>>> print(open('input_33.cif').read())   # mmCIF, C-alpha atoms
data_my_file
loop_
_atom_site.group_PDB
_atom_site.id
_atom_site.type_symbol
_atom_site.label_atom_id
_atom_site.label_comp_id
_atom_site.auth_asym_id
_atom_site.auth_seq_id
_atom_site.Cartn_x
_atom_site.Cartn_y
_atom_site.Cartn_z
ATOM 1 C CA MET Y 21 -15.540 -8.491 -10.661
ATOM 2 C CA SER Y 22 -16.169 -5.723 -8.156
ATOM 3 C CA GLN Y 23 -13.736 -2.822 -8.398
ATOM 4 C CA THR Y 24 -13.464 0.546 -6.729
ATOM 5 C CA ARG Y 25 -11.005 3.392 -6.347
ATOM 6 C CA THR Y 26 -8.665 2.861 -3.389
ATOM 7 C CA TYR Y 27 -6.164 5.107 -1.581
ATOM 8 C CA ASP Y 28 -3.160 4.584 0.677
ATOM 9 C CA LEU Y 29 -4.351 4.831 4.271
ATOM 10 C CA ALA Y 30 -2.931 7.216 6.850
ATOM 11 C CA GLU Y 31 -2.199 4.245 9.118
ATOM 12 C CA THR Y 32 0.412 3.009 6.615
ATOM 13 C CA TRP Y 33 2.408 6.228 7.105
ATOM 14 C CA TRP Y 34 2.066 6.912 10.809
ATOM 15 C CA ARG Y 35 4.054 4.861 13.322
ATOM 16 C CA GLY Y 36 2.545 3.489 16.526
ATOM 17 C CA GLY Y 37 -0.904 2.305 17.523
ATOM 18 C CA SER Y 38 -4.351 3.388 16.461
ATOM 19 C CA ILE Y 39 -7.629 4.450 17.995
ATOM 20 C CA GLU Y 40 -10.394 2.145 16.756
ATOM 21 C CA VAL Y 41 -14.136 2.666 16.806
ATOM 22 C CA LYS Y 42 -16.751 -0.037 16.337
ATOM 23 C CA CYS Y 43 -20.474 0.150 15.742
ATOM 24 C CA VAL Y 44 -22.963 -2.303 17.213
ATOM 25 C CA LEU Y 45 -25.706 -3.284 14.766
ATOM 26 C CA ASP Y 46 -28.057 -6.193 15.413
ATOM 27 C CA ASP Y 47 -25.823 -7.364 18.293
ATOM 28 C CA ALA Y 48 -22.780 -7.573 16.002
ATOM 29 C CA HIS Y 49 -19.680 -5.369 16.256
ATOM 30 C CA PHE Y 50 -18.274 -3.769 13.093
ATOM 31 C CA LYS Y 51 -15.068 -1.731 12.929
ATOM 32 C CA ILE Y 52 -15.921 1.579 11.280
ATOM 33 C CA VAL Y 53 -12.770 3.668 11.678
ATOM 34 C CA LYS Y 54 -9.111 3.366 12.616
ATOM 35 C CA ILE Y 55 -7.119 6.562 13.222
ATOM 36 C CA PRO Y 56 -3.364 6.592 13.950
ATOM 37 C CA GLU Y 57 -2.771 7.682 17.537
ATOM 38 C CA GLN Y 58 0.118 10.001 16.720
ATOM 39 C CA PHE Y 59 -1.929 11.644 13.979
ATOM 40 C CA ILE Y 60 -4.409 12.625 16.698
ATOM 41 C CA ARG Y 61 -1.869 13.416 19.440
ATOM 42 C CA LYS Y 62 0.162 15.779 17.257
ATOM 43 C CA GLY Y 63 -2.731 17.278 15.298
ATOM 44 C CA GLY Y 64 -3.643 20.140 17.610
ATOM 45 C CA ASP Y 65 -6.942 18.627 18.787
ATOM 46 C CA ASN Y 66 -6.093 15.596 20.906
ATOM 47 C CA THR Y 67 -9.655 14.922 22.038
ATOM 48 C CA LEU Y 68 -12.422 12.374 21.717
ATOM 49 C CA ALA Y 69 -14.419 15.160 20.066
ATOM 50 C CA PHE Y 70 -11.991 14.997 17.138
ATOM 51 C CA VAL Y 71 -12.472 11.220 16.863
ATOM 52 C CA HIS Y 72 -16.240 11.742 16.856
ATOM 53 C CA HIS Y 73 -15.875 14.462 14.205
ATOM 54 C CA VAL Y 74 -13.978 12.095 11.902
ATOM 55 C CA ILE Y 75 -16.681 9.433 12.269
ATOM 56 C CA GLN Y 76 -19.376 11.929 11.329
ATOM 57 C CA LEU Y 77 -17.397 12.855 8.210
ATOM 58 C CA LEU Y 78 -17.287 9.183 7.219
ATOM 59 C CA TYR Y 79 -20.953 8.295 7.711
ATOM 60 C CA VAL Y 80 -24.316 9.887 7.012
ATOM 61 C CA GLU Y 81 -26.032 8.761 10.218
ATOM 62 C CA ARG Y 82 -25.623 10.860 13.359
ATOM 63 C CA GLY Y 83 -24.597 9.199 16.593
ATOM 64 C CA GLU Y 84 -22.688 9.290 19.860
ATOM 65 C CA LEU Y 85 -19.215 8.117 20.811
ATOM 66 C CA ARG Y 86 -19.225 5.831 23.842
ATOM 67 C CA SER Y 87 -16.763 3.918 25.985
ATOM 68 C CA PRO Y 88 -15.911 0.264 25.183
ATOM 69 C CA CYS Y 89 -18.634 -0.815 27.623
ATOM 70 C CA GLY Y 90 -21.180 1.609 26.171
ATOM 71 C CA GLY Y 91 -20.929 4.318 28.824
ATOM 72 C CA ALA Y 92 -21.063 8.068 28.269
ATOM 73 C CA LEU Y 93 -17.834 9.951 27.524
ATOM 74 C CA ASP Y 94 -16.502 13.442 28.087
ATOM 75 C CA LEU Y 95 -15.514 14.331 24.526
ATOM 76 C CA SER Y 96 -13.103 16.998 25.750
ATOM 77 C CA GLU Y 97 -10.850 14.273 27.166
ATOM 78 C CA GLU Y 98 -7.929 12.677 25.335
ATOM 79 C CA PRO Y 99 -8.380 9.266 23.698
ATOM 80 C CA ILE Y 100 -6.935 6.454 25.805
ATOM 81 C CA GLU Y 101 -3.940 4.768 24.204
ATOM 82 C CA SER Y 102 -4.809 1.816 21.926
ATOM 83 C CA SER Y 103 -8.460 1.940 22.980
ATOM 84 C CA GLN Y 104 -11.534 0.744 21.136
ATOM 85 C CA TYR Y 105 -14.610 2.932 21.369
ATOM 86 C CA ILE Y 106 -18.228 2.394 20.381
ATOM 87 C CA PHE Y 107 -20.253 4.522 17.972
ATOM 88 C CA SER Y 108 -23.950 4.405 18.820
ATOM 89 C CA SER Y 109 -26.361 5.705 16.199
ATOM 90 C CA ILE Y 110 -29.272 7.794 17.446
ATOM 91 C CA GLU Y 111 -31.482 6.283 14.727
ATOM 92 C CA GLU Y 112 -33.646 3.319 15.667
ATOM 93 C CA ASN Y 113 -33.775 -0.030 13.815
ATOM 94 C CA LEU Y 114 -30.660 0.814 11.832
ATOM 95 C CA MET Y 115 -29.353 -2.138 9.803
ATOM 96 C CA ARG Y 116 -26.190 -0.533 8.430
ATOM 97 C CA LEU Y 117 -24.293 2.749 8.362
ATOM 98 C CA THR Y 118 -24.343 4.720 5.129
ATOM 99 C CA PRO Y 119 -20.867 5.774 3.917
ATOM 100 C CA THR Y 120 -20.515 9.422 2.946
ATOM 101 C CA ARG Y 121 -20.195 9.885 -0.808
ATOM 102 C CA GLY Y 122 -16.686 10.662 -1.966
ATOM 103 C CA PRO Y 123 -13.919 11.566 -2.175
ATOM 104 C CA GLU Y 124 -14.471 13.998 -5.006
ATOM 105 C CA GLY Y 125 -11.860 15.864 -7.027
ATOM 106 C CA LYS Y 126 -11.892 18.484 -9.756
ATOM 107 C CA SER Y 127 -15.238 16.978 -10.777
ATOM 108 C CA PRO Y 128 -17.825 15.331 -8.495
ATOM 109 C CA LEU Y 129 -16.128 12.027 -9.360
ATOM 110 C CA PRO Y 130 -13.404 10.339 -7.236
ATOM 111 C CA LYS Y 131 -10.396 11.422 -9.254
ATOM 112 C CA PRO Y 132 -7.772 13.401 -7.319
ATOM 113 C CA ALA Y 133 -4.364 13.513 -9.011
ATOM 114 C CA SER Y 134 -2.143 10.452 -8.642
ATOM 115 C CA SER Y 135 1.214 12.079 -9.356
ATOM 116 C CA VAL Y 136 2.926 15.435 -8.953
ATOM 117 C CA SER Y 137 2.793 16.065 -12.691
ATOM 118 C CA GLU Y 138 -0.997 15.676 -12.606
ATOM 119 C CA SER Y 139 -1.478 17.738 -9.457
ATOM 120 C CA THR Y 140 -2.908 20.850 -11.039
ATOM 121 C CA TYR Y 141 -6.582 20.923 -10.127
ATOM 122 C CA SER Y 142 -6.148 23.676 -7.524
ATOM 123 C CA ASN Y 143 -3.185 25.273 -9.287
ATOM 124 C CA SER Y 144 -3.532 28.982 -9.865
ATOM 125 C CA LYS Y 145 0.104 29.796 -10.569
ATOM 126 C CA HIS Y 146 0.343 29.114 -14.280
ATOM 127 C CA THR Y 147 -3.211 29.643 -15.537
ATOM 128 C CA THR Y 148 -2.744 33.299 -16.333
ATOM 129 C CA SER Y 149 -5.614 33.467 -18.841
ATOM 130 C CA ARG Y 150 -8.245 33.255 -16.100
ATOM 131 C CA SER Y 151 -9.916 36.510 -15.146
ATOM 132 C CA GLY Y 152 -8.697 37.675 -11.778
ATOM 133 C CA GLN Y 153 -5.696 35.330 -11.684
ATOM 134 C CA SER Y 154 -3.009 37.995 -11.450
ATOM 135 C CA LYS Y 155 -4.844 39.817 -8.675
ATOM 136 C CA PHE Y 156 -5.416 36.518 -6.861
ATOM 137 C CA ARG Y 157 -1.714 35.695 -6.731
ATOM 138 C CA SER Y 158 -0.817 39.246 -5.740
ATOM 139 C CA SER Y 159 -3.300 39.203 -2.876
ATOM 140 C CA LEU Y 160 -1.938 35.870 -1.594
ATOM 141 C CA LEU Y 161 1.619 37.186 -1.806
ATOM 142 C CA ALA Y 162 0.536 40.193 0.237
ATOM 143 C CA ARG Y 163 -1.252 38.081 2.852
ATOM 144 C CA ASP Y 164 1.054 35.056 3.176
ATOM 145 C CA GLY Y 165 4.325 36.526 1.884
ATOM 146 C CA ARG Y 166 5.872 33.092 1.370
ATOM 147 C CA CYS Y 167 4.895 29.455 1.872
ATOM 148 C CA ILE Y 168 2.318 29.526 4.637
ATOM 149 C CA LEU Y 169 3.636 26.258 6.121
ATOM 150 C CA THR Y 170 7.406 26.207 5.559
ATOM 151 C CA HIS Y 171 8.208 29.892 4.893
ATOM 152 C CA SER Y 172 9.933 28.875 1.655
ATOM 153 C CA GLU Y 173 10.573 31.709 -0.785
ATOM 154 C CA ARG Y 174 7.644 32.840 -2.909
ATOM 155 C CA SER Y 175 9.431 31.857 -6.126
ATOM 156 C CA ARG Y 176 9.010 28.213 -5.093
ATOM 157 C CA CYS Y 177 5.323 28.600 -4.317
ATOM 158 C CA THR Y 178 1.968 28.112 -5.985
ATOM 159 C CA SER Y 179 -1.060 30.295 -5.376
ATOM 160 C CA ALA Y 180 -3.493 27.435 -4.807
ATOM 161 C CA HIS Y 181 -7.242 27.389 -4.401
ATOM 162 C CA VAL Y 182 -8.643 25.641 -1.336
ATOM 163 C CA VAL Y 183 -11.294 24.018 -3.550
ATOM 164 C CA PRO Y 184 -10.697 23.434 -7.286
ATOM 165 C CA VAL Y 185 -11.896 26.346 -9.415
ATOM 166 C CA SER Y 186 -13.612 23.767 -11.623
ATOM 167 C CA ARG Y 187 -15.983 22.932 -8.739
ATOM 168 C CA LEU Y 188 -18.345 25.865 -9.140
ATOM 169 C CA ASP Y 189 -21.052 23.594 -7.706
ATOM 170 C CA VAL Y 190 -19.150 23.448 -4.403
ATOM 171 C CA TYR Y 191 -18.632 27.212 -4.292
ATOM 172 C CA LYS Y 192 -22.329 27.709 -5.019
ATOM 173 C CA ALA Y 193 -23.417 25.252 -2.322
ATOM 174 C CA ILE Y 194 -21.072 26.653 0.339
ATOM 175 C CA LEU Y 195 -20.802 30.347 -0.499
ATOM 176 C CA GLY Y 196 -23.695 30.968 -2.882
ATOM 177 C CA LEU Y 197 -21.379 32.032 -5.726
ATOM 178 C CA GLU Y 198 -22.581 31.653 -9.299
ATOM 179 C CA LEU Y 199 -19.755 32.796 -11.606
ATOM 180 C CA GLU Y 200 -16.180 31.588 -12.039
ATOM 181 C CA ASN Y 201 -14.826 35.143 -11.975
ATOM 182 C CA GLN Y 202 -16.010 35.367 -8.357
ATOM 183 C CA LEU Y 203 -13.607 32.622 -7.277
ATOM 184 C CA TYR Y 204 -10.461 34.715 -6.813
ATOM 185 C CA ALA Y 205 -10.966 36.353 -3.442
ATOM 186 C CA THR Y 206 -7.998 36.151 -1.074
ATOM 187 C CA SER Y 207 -9.995 33.922 1.294
ATOM 188 C CA MET Y 208 -10.271 31.227 -1.364
ATOM 189 C CA GLY Y 209 -6.595 30.370 -1.562
ATOM 190 C CA PHE Y 210 -3.199 30.143 0.073
ATOM 191 C CA LEU Y 211 0.441 30.342 -0.949
ATOM 192 C CA ILE Y 212 2.139 26.969 -0.702
ATOM 193 C CA ARG Y 213 5.443 25.416 -1.769
ATOM 194 C CA ASP Y 214 5.073 23.613 -5.087
ATOM 195 C CA ASP Y 215 5.654 20.076 -3.777
ATOM 196 C CA LEU Y 216 3.206 20.587 -0.912
ATOM 197 C CA HIS Y 217 0.688 21.879 -3.417
ATOM 198 C CA GLY Y 218 0.979 18.580 -5.266
ATOM 199 C CA ALA Y 219 0.464 16.672 -2.027
ATOM 200 C CA TYR Y 220 -2.577 18.829 -1.226
ATOM 201 C CA ASP Y 221 -4.142 17.963 -4.564
ATOM 202 C CA ARG Y 222 -3.539 14.253 -3.934
ATOM 203 C CA TYR Y 223 -5.385 14.493 -0.610
ATOM 204 C CA GLU Y 224 -2.238 13.782 1.383
ATOM 205 C CA TRP Y 225 -2.813 16.774 3.674
ATOM 206 C CA SER Y 226 -5.446 19.379 4.395
ATOM 207 C CA TRP Y 227 -6.491 22.208 6.700
ATOM 208 C CA TYR Y 228 -8.214 21.275 9.948
ATOM 209 C CA CYS Y 229 -10.028 24.321 11.322
ATOM 210 C CA LYS Y 230 -11.194 24.760 14.903
ATOM 211 C CA ASP Y 231 -11.928 27.777 17.102
ATOM 212 C CA GLY Y 232 -10.585 30.188 14.508
ATOM 213 C CA MET Y 233 -7.231 28.397 14.203
ATOM 214 C CA TYR Y 234 -5.795 26.451 11.259
ATOM 215 C CA TYR Y 235 -3.899 23.171 11.649
ATOM 216 C CA PRO Y 236 -2.235 21.362 8.716
ATOM 217 C CA HIS Y 237 -3.013 17.653 8.967
ATOM 218 C CA PHE Y 238 -0.770 15.308 7.015
ATOM 219 C CA PHE Y 239 -2.391 11.970 6.249
ATOM 220 C CA ALA Y 240 0.662 10.836 4.255
ATOM 221 C CA LEU Y 241 4.252 11.391 5.381
ATOM 222 C CA GLU Y 242 6.389 11.350 2.254
ATOM 223 C CA ASP Y 243 9.062 13.432 3.991
ATOM 224 C CA PRO Y 244 10.093 13.754 7.686
ATOM 225 C CA GLU Y 245 9.352 17.470 7.408
ATOM 226 C CA MET Y 246 5.668 16.695 7.016
ATOM 227 C CA GLU Y 247 5.410 15.076 10.439
ATOM 228 C CA GLN Y 248 7.109 18.131 11.940
ATOM 229 C CA ILE Y 249 4.613 20.474 10.276
ATOM 230 C CA HIS Y 250 1.586 18.330 11.166
ATOM 231 C CA GLY Y 251 -0.631 20.062 13.698
ATOM 232 C CA ARG Y 252 1.324 23.337 13.743
ATOM 233 C CA ARG Y 253 -1.178 25.952 14.853
ATOM 234 C CA ILE Y 254 -1.580 28.895 12.529
ATOM 235 C CA ASP Y 255 -3.251 31.882 14.153
ATOM 236 C CA PRO Y 256 -4.561 34.101 11.337
ATOM 237 C CA ARG Y 257 -4.498 37.156 13.599
ATOM 238 C CA THR Y 258 -0.691 37.060 13.630
ATOM 239 C CA GLU Y 259 0.203 35.135 10.467
ATOM 240 C CA MET Y 260 -2.271 36.532 7.930
ATOM 241 C CA ARG Y 261 -1.719 40.260 7.668
ATOM 242 C CA VAL Y 262 -5.214 41.120 6.441
ATOM 243 C CA GLN Y 263 -8.749 41.780 7.602
ATOM 244 C CA PRO Y 264 -10.657 38.713 8.929
ATOM 245 C CA ARG Y 265 -12.791 38.539 5.779
ATOM 246 C CA GLU Y 266 -9.594 37.701 3.861
ATOM 247 C CA TYR Y 267 -8.539 34.826 6.111
ATOM 248 C CA LEU Y 268 -8.554 31.412 4.463
ATOM 249 C CA ASP Y 269 -12.233 30.434 4.379
ATOM 250 C CA PRO Y 270 -12.781 27.564 6.863
ATOM 251 C CA ARG Y 271 -15.944 26.463 5.061
ATOM 252 C CA LEU Y 272 -13.943 25.687 1.943
ATOM 253 C CA ALA Y 273 -11.199 24.079 4.021
ATOM 254 C CA ASP Y 274 -13.783 21.809 5.652
ATOM 255 C CA TRP Y 275 -14.866 20.529 2.234
ATOM 256 C CA HIS Y 276 -11.301 19.592 1.302
ATOM 257 C CA TYR Y 277 -10.640 18.070 4.720
ATOM 258 C CA ARG Y 278 -13.662 15.810 4.319
ATOM 259 C CA GLN Y 279 -12.297 14.514 1.013
ATOM 260 C CA CYS Y 280 -8.972 13.718 2.697
ATOM 261 C CA VAL Y 281 -10.679 11.793 5.490
ATOM 262 C CA LEU Y 282 -12.709 9.798 2.980
ATOM 263 C CA ALA Y 283 -9.596 8.986 0.964
ATOM 264 C CA ARG Y 284 -6.959 8.450 3.654
ATOM 265 C CA ILE Y 285 -8.921 7.234 6.682
ATOM 266 C CA ARG Y 286 -11.570 5.161 4.861
ATOM 267 C CA GLY Y 287 -9.394 4.324 1.871
ATOM 268 C CA THR Y 288 -12.091 3.749 -0.752
ATOM 269 C CA ALA Y 289 -14.439 5.788 -2.910
ATOM 270 C CA GLU Y 290 -18.113 5.319 -2.051
ATOM 271 C CA GLY Y 291 -21.390 6.443 -3.586
ATOM 272 C CA PHE Y 292 -20.338 6.172 -7.243
ATOM 273 C CA ASP Y 293 -21.273 3.638 -9.872
ATOM 274 C CA LEU Y 294 -18.549 1.350 -11.248
ATOM 275 C CA GLY Y 295 -17.755 3.502 -14.279
ATOM 276 C CA GLN Y 296 -17.382 6.638 -12.194
ATOM 277 C CA ALA Y 297 -15.231 4.947 -9.554
ATOM 278 C CA LEU Y 298 -12.765 3.755 -12.178
ATOM 279 C CA GLU Y 299 -12.654 6.949 -14.223
#
>>> encode(input="input_33.cif", output="C-alpha cells")
Amino acid sequence: MSQTRTYDLAETWWRGGSIEVKCVLDDAHFKIVKIPEQFIRKGGDNTLAFVHHVIQLLYVERGELRSPCGGALDLSEEPIESSQYIFSSIEENLMRLTPTRGPEGKSPLPKPASSVSESTYSNSKHTTSRSGQSKFRSSLLARDGRCILTHSERSRCTSAHVVPVSRLDVYKAILGLELENQLYATSMGFLIRDDLHGAYDRYEWSWYCKDGMYYPHFFALEDPEMEQIHGRRIDPRTEMRVQPREYLDPRLADWHYRQCVLARIRGTAEGFDLGQALE
C-alpha cells in the first residue's frame, strides 16, 4: 500500500474561492496548484507574480504563467477572481513536472512537529546550555522588544530561530556557516509569542519577504487573530531597531517559507522513500 506524509491544506482554512493553475503536457491539462484567493489578496503581494513564485517553489522545472487561452500576462497585475491560469514549461519534450523535494523539518526528512508540545525544533528559549543562547535571546529582546507580530509581552515569547539550529546543512548551504556556535546572530531569529512559535514550527505560517519588507503568511487559521495578522507589512527600518545586518535574514526566511508552501499548498511530502516519509 502506498503511503506518504500529508498535511492540512491552506484551502481548508481560508474561506472563498481559489486561484487554480494547470499545466499542459502532451495535450492534457493537469491541475498543479490551488491557492486560496483571500490568502493572496490579503498577503501583501496581490499579483500574478506571487502566483508564479509559488509554482516555482512547488516544481523543479522553470516556466511561464499564461492566461487561460495561453496568452502572455503582465505579472504585476492582480489575479482575476476564480480564474484558471496555465503554467507553460520552457523545457521541450517534457513528460511531467518534477515536484520539489520536501517539506523538511529539524532533519532533512519530512517531520515538522504535529502538536504544540512537540513544537520545539526552532525553540531557543529553554535550551540554555547552548553556547551563545543567552546572548541570542538578549539581542532579540533588544531588537524586537516583544512579540514581533502581536506585541505581546516578552515573558510570553520564545526567541526562535528562523531555521532549526539542528539544520547546520541549511546554514552552510545558504550562509556558508560551518559551526553550530555561529548560529546565534540576531539576524537568525525573532521574538514570537509561544503559541505562534508552535504554529511556526508546524508550518502553519511563515515569513514572506519582498522588496526589503516582511509579511507573515498564515496558511492555517486556528484563531481569528491569525487572519488579521496575515499580510501585515513589517518594515525593518522602523520596527527593528538595529543595523540592517541584524534584520531577520530573508534567505533563511525563504527556506522556511518554501517548506510551508510544500506542506500547506501541495499537502504531501515528495522526494523521500517510504521509510523516510513515514518517520
>>> resolve_selection(input="input_33.cif", expression="the PyMOL selection byres ((chain Y and resi 97) around 10)", output="list in words")
Asn66, Thr67, Leu68, Ala69, Leu93, Asp94, Leu95, Ser96, Glu98, Pro99 and Ile100 of chain Y
>>> residues_around(input="input_33.cif", residues="Y:Leu197", least_positions_apart="5", cutoff="12 Å", atoms="only C-alpha atoms", output="PDB file with C-alpha atoms, in the coordinates of the input")
ATOM      1  CA  VAL Y 185     -11.896  26.346  -9.415  1.00  0.00           C
ATOM      2  CA  ARG Y 187     -15.983  22.932  -8.739  1.00  0.00           C
ATOM      3  CA  LEU Y 188     -18.345  25.865  -9.140  1.00  0.00           C
ATOM      4  CA  ASP Y 189     -21.052  23.594  -7.706  1.00  0.00           C
ATOM      5  CA  VAL Y 190     -19.150  23.448  -4.403  1.00  0.00           C
ATOM      6  CA  TYR Y 191     -18.632  27.212  -4.292  1.00  0.00           C
ATOM      7  CA  LYS Y 192     -22.329  27.709  -5.019  1.00  0.00           C
ATOM      8  CA  GLN Y 202     -16.010  35.367  -8.357  1.00  0.00           C
ATOM      9  CA  LEU Y 203     -13.607  32.622  -7.277  1.00  0.00           C
ATOM     10  CA  TYR Y 204     -10.461  34.715  -6.813  1.00  0.00           C
ATOM     11  CA  ALA Y 205     -10.966  36.353  -3.442  1.00  0.00           C
ATOM     12  CA  MET Y 208     -10.271  31.227  -1.364  1.00  0.00           C
TER      13      MET Y 208
END
>>> axis_aligned_box(input="input_33.cif", around="stretch 59-66 of chain Y", padding_each_side="6 Å", output="lines of an AutoDock Vina configuration file")
center_x = -3.4
center_y = 15.9
center_z = 17.4
size_x = 19.1
size_y = 20.5
size_z = 18.9
>>> resolve_selection(input="input_33.cif", expression="the PyMOL selection byres ((chain Y and resi 88) around 7)", output="VMD selection string")
chain Y and resid 86 to 87 89 to 90 104 to 106
>>> write_last_selection(input="input_33.cif", atoms="C-alpha atoms", output="PDB file, in the frame of the given file")
ATOM      1  CA  ARG Y  86     -19.225   5.831  23.842  1.00  0.00           C
ATOM      2  CA  SER Y  87     -16.763   3.918  25.985  1.00  0.00           C
ATOM      3  CA  CYS Y  89     -18.634  -0.815  27.623  1.00  0.00           C
ATOM      4  CA  GLY Y  90     -21.180   1.609  26.171  1.00  0.00           C
ATOM      5  CA  GLN Y 104     -11.534   0.744  21.136  1.00  0.00           C
ATOM      6  CA  TYR Y 105     -14.610   2.932  21.369  1.00  0.00           C
ATOM      7  CA  ILE Y 106     -18.228   2.394  20.381  1.00  0.00           C
TER       8      ILE Y 106
END
>>> residues_near_point(input="input_33.cif", point="(-13.1, 14.0, 1.0)", cutoff="6 Å", atoms="only C-alpha atoms", output="count of residues only")
8
